[in-house]
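Everything below concerns the one structure shown next.
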Amino acid sequence: MTGSLEVIAFANQKGGVAKTTTTLNLAAAFAEQGYRVLCCDMDPQGNLTMSQGIDPDNLKESMYDVLVNKMPIRQVIHKREVDVACASIDLAGAEIAMSTMIGRERSLERALREVSEDYDYCFIDTPPSLGLLTINALTAASRVIVPVQCEYLSMRGLIQLQNTLAMIRENLNPNVEIQGILPTMVDTRTLHAKEAIELLEENFGDRVFASRIRKTVRFAEAPVKGMSVLKYEPDGIAAHSYRQLAKEVLANAHR
């Protein structure tokens with residue numbers, strides 16, 4: 001582990017694809033391996049913040065203050081099972097508030113510099129859009145993991161995301177790459193899921209992770225308790241899937 005911070009964004013402009021679930025549980029799997037991980041909640045819905053038992057409505061300071069008022073990011077980090085730079089609904093107004101700022105796409109990248117020695121990894125949960133908050137995440141990141149629900153419709157968004165990434169590489173961050181596409185909410189019993197995964201592999205080849213995140217009620221239950229599935233049901237299939245994914249992400253990083 002080096003002193004340099006590796007930033008991974010979890011992005012897909014389609015909602016409901018298990019972005020937050022993946023951000024949190026992969027972070028928990030990395031933490032189990034001894035890595036120091038910061039989760040950064042860039043979604044105004046604050047689901048990542050809530051999934052660690054923090055009420056976004058009661059926060060005095062959040063990522064809004066970091067992005068708009070240049071507050072040090074340390075002031076909005078809450079230490080729970082993993083460390084979370086918290087979001088609140090205020091973040092919904094950040095795009096408008098930042099619209100006149102010079103260098104607005106780099107606000108998050110600048111904020112993360114001050115904690116680059118404190119963590120090995122920063123995992124960023126992004127909102128389901130390709131607006132300024134997501135662009136900040138993609139500008140700060142070196143890698144992008146794209147959770148995709150195994151349905152044809154959710155794959156269309158991948159093309160738009162690739163176009164946005166191409167634009168970001170050209171103008172803001174030449175180094176950002178899609179590290180992998182993660183099939184989520186897989187119902188292994190259906191032919192549709194099998195066909196959807198085949199289609200993904202046809203289009204994206206070895207960029208599709210071998211790990212599969214299956215559908216399970218545990219993903220809904222764990223956040224209610226304010227914990228990851230790895231803590232909620234350590235020996236369950238959901239926890240196992242994210243541990244496998246962690247191995248894959250780490251192996252890819254060192255290729």
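Residues in the structure tokens are named by chain (A, B, ... in the order shown) and by number from 1 within that chain; ligands are numbered from 1 in the order shown.
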
Residues of stretch 47-250 of chain A in strand (DSSP E) according to DSSP, as a VMD selection string? chain A and resid 77 to 79 83 to 85 121 to 125 143 to 149 177 to 184

Create the file for the chosen residues now, containing C-alpha atoms and written as an mmCIF file, in the first residue's frame.
data_model
loop_
_atom_site.group_PDB
_atom_site.id
_atom_site.type_symbol
_atom_site.label_atom_id
_atom_site.label_comp_id
_atom_site.auth_asym_id
_atom_site.auth_seq_id
_atom_site.Cartn_x
_atom_site.Cartn_y
_atom_site.Cartn_z
ATOM 1 C CA ILE A 77 -16.194 12.405 7.258
ATOM 2 C CA HIS A 78 -18.043 10.207 9.742
ATOM 3 C CA LYS A 79 -16.299 7.091 11.001
ATOM 4 C CA ASP A 83 -15.391 6.123 6.785
ATOM 5 C CA VAL A 84 -18.038 8.102 4.892
ATOM 6 C CA ALA A 85 -17.834 11.627 3.497
ATOM 7 C CA TYR A 121 -8.702 4.014 -1.617
ATOM 8 C CA CYS A 122 -11.589 6.391 -2.108
ATOM 9 C CA PHE A 123 -14.809 4.899 -3.479
ATOM 10 C CA ILE A 124 -17.257 7.449 -4.881
ATOM 11 C CA ASP A 125 -20.978 6.763 -5.110
ATOM 12 C CA ARG A 143 -10.956 3.988 -12.588
ATOM 13 C CA VAL A 144 -14.688 3.523 -13.005
ATOM 14 C CA ILE A 145 -16.707 0.472 -12.038
ATOM 15 C CA VAL A 146 -20.085 0.282 -13.744
ATOM 16 C CA PRO A 147 -22.761 -1.761 -11.959
ATOM 17 C CA VAL A 148 -25.307 -2.938 -14.527
ATOM 18 C CA GLN A 149 -28.608 -4.590 -13.795
ATOM 19 C CA GLU A 177 -10.782 4.232 -17.606
ATOM 20 C CA ILE A 178 -13.633 1.799 -17.111
ATOM 21 C CA GLN A 179 -12.024 -0.896 -15.009
ATOM 22 C CA GLY A 180 -14.949 -3.207 -15.242
ATOM 23 C CA ILE A 181 -18.647 -3.758 -15.716
ATOM 24 C CA LEU A 182 -20.361 -5.557 -12.856
ATOM 25 C CA PRO A 183 -23.531 -7.579 -13.458
ATOM 26 C CA THR A 184 -25.818 -6.914 -10.469
#

Contacts of A:Ile96 at 12 Å (only C-alpha atoms; same-chain gap of 3+ positions) as a list in words: Tyr64, Leu67, Val68, Asp90, Leu91, Ala92, Gly93, Ser99, Thr100, Met101, Arg104, Gly131, Leu132 and Leu133 of chain A

Non-local contacts of A:Ala239 (12 Å; only C-alpha atoms; under 2 positions in same chain excluded) as a PyMOL selection string: chain A and resi 21-22+24-30+32+211-214+216+218-219+222+227-237+241-246

Given only C-alpha atoms as the counted atoms, nearest of A:Gln33, A:Gln13, A:Thr23, A:Thr190 to A:Ser51: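 Closest to A:Ser51, using only C-alpha atoms: A:Thr23.
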
Can you list, as number ranges by chain, every residue of stretch 15-240 of chain A that DSSP puts in helix (DSSP H, G or I)? A: 19-32, 47-50, 56-58, 63-68, 73-76, 89-98, 104-113, 132-140, 152-171, 191-207, 218-224, 229-232, 237-240

If you count only C-alpha atoms, the residue of A:Val176, A:Ala210, A:Ala193, A:Ala87 closest to A:Glu151 turns out to be A:Ala193

Tell me which protein, DNA and RNA residues are within 8 Å of A:Ala137, counting only C-alpha atoms, leaving out same-chain ones fewer than 6 positions away, and put them as an MDAnalysis selection string. chainID A and resid 9 42 108:109 124 126

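Take the candidates A:Ile54, A:Ala97, A:Ile197, A:Leu138 and check each one against A:Asn69 using only C-alpha atoms; the shortest distance goes to A:Ala97.
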
List the spatial neighbours of A:Lys60 as a list in words - criterion: any atom at most 10 Å away, only C-alpha atoms, same-chain residues fewer than 4 positions off excluded. Pro56, Asp65, Val76 and Ser88 of chain A

Selected residues, N, CA, C and O atoms, written as a short mmCIF file (atom, residue, chain, number, x, y, z; two decimals), in the first residue's frame, please.
data_model
loop_
_atom_site.label_atom_id
_atom_site.label_comp_id
_atom_site.auth_asym_id
_atom_site.auth_seq_id
_atom_site.Cartn_x
_atom_site.Cartn_y
_atom_site.Cartn_z
N PRO A 56 -29.11 11.79 6.86
CA PRO A 56 -28.65 12.95 6.08
C PRO A 56 -29.37 14.25 6.46
O PRO A 56 -28.81 15.34 6.34
N ASP A 65 -20.98 21.44 1.30
CA ASP A 65 -20.07 22.46 1.85
C ASP A 65 -18.65 22.29 1.31
O ASP A 65 -17.93 23.26 1.10
N VAL A 76 -16.50 16.53 7.03
CA VAL A 76 -17.77 15.85 6.73
C VAL A 76 -17.60 14.33 6.73
O VAL A 76 -18.50 13.59 6.34
N SER A 88 -26.04 15.17 1.89
CA SER A 88 -27.38 15.51 2.34
C SER A 88 -28.13 16.05 1.13
O SER A 88 -27.55 16.25 0.07
#
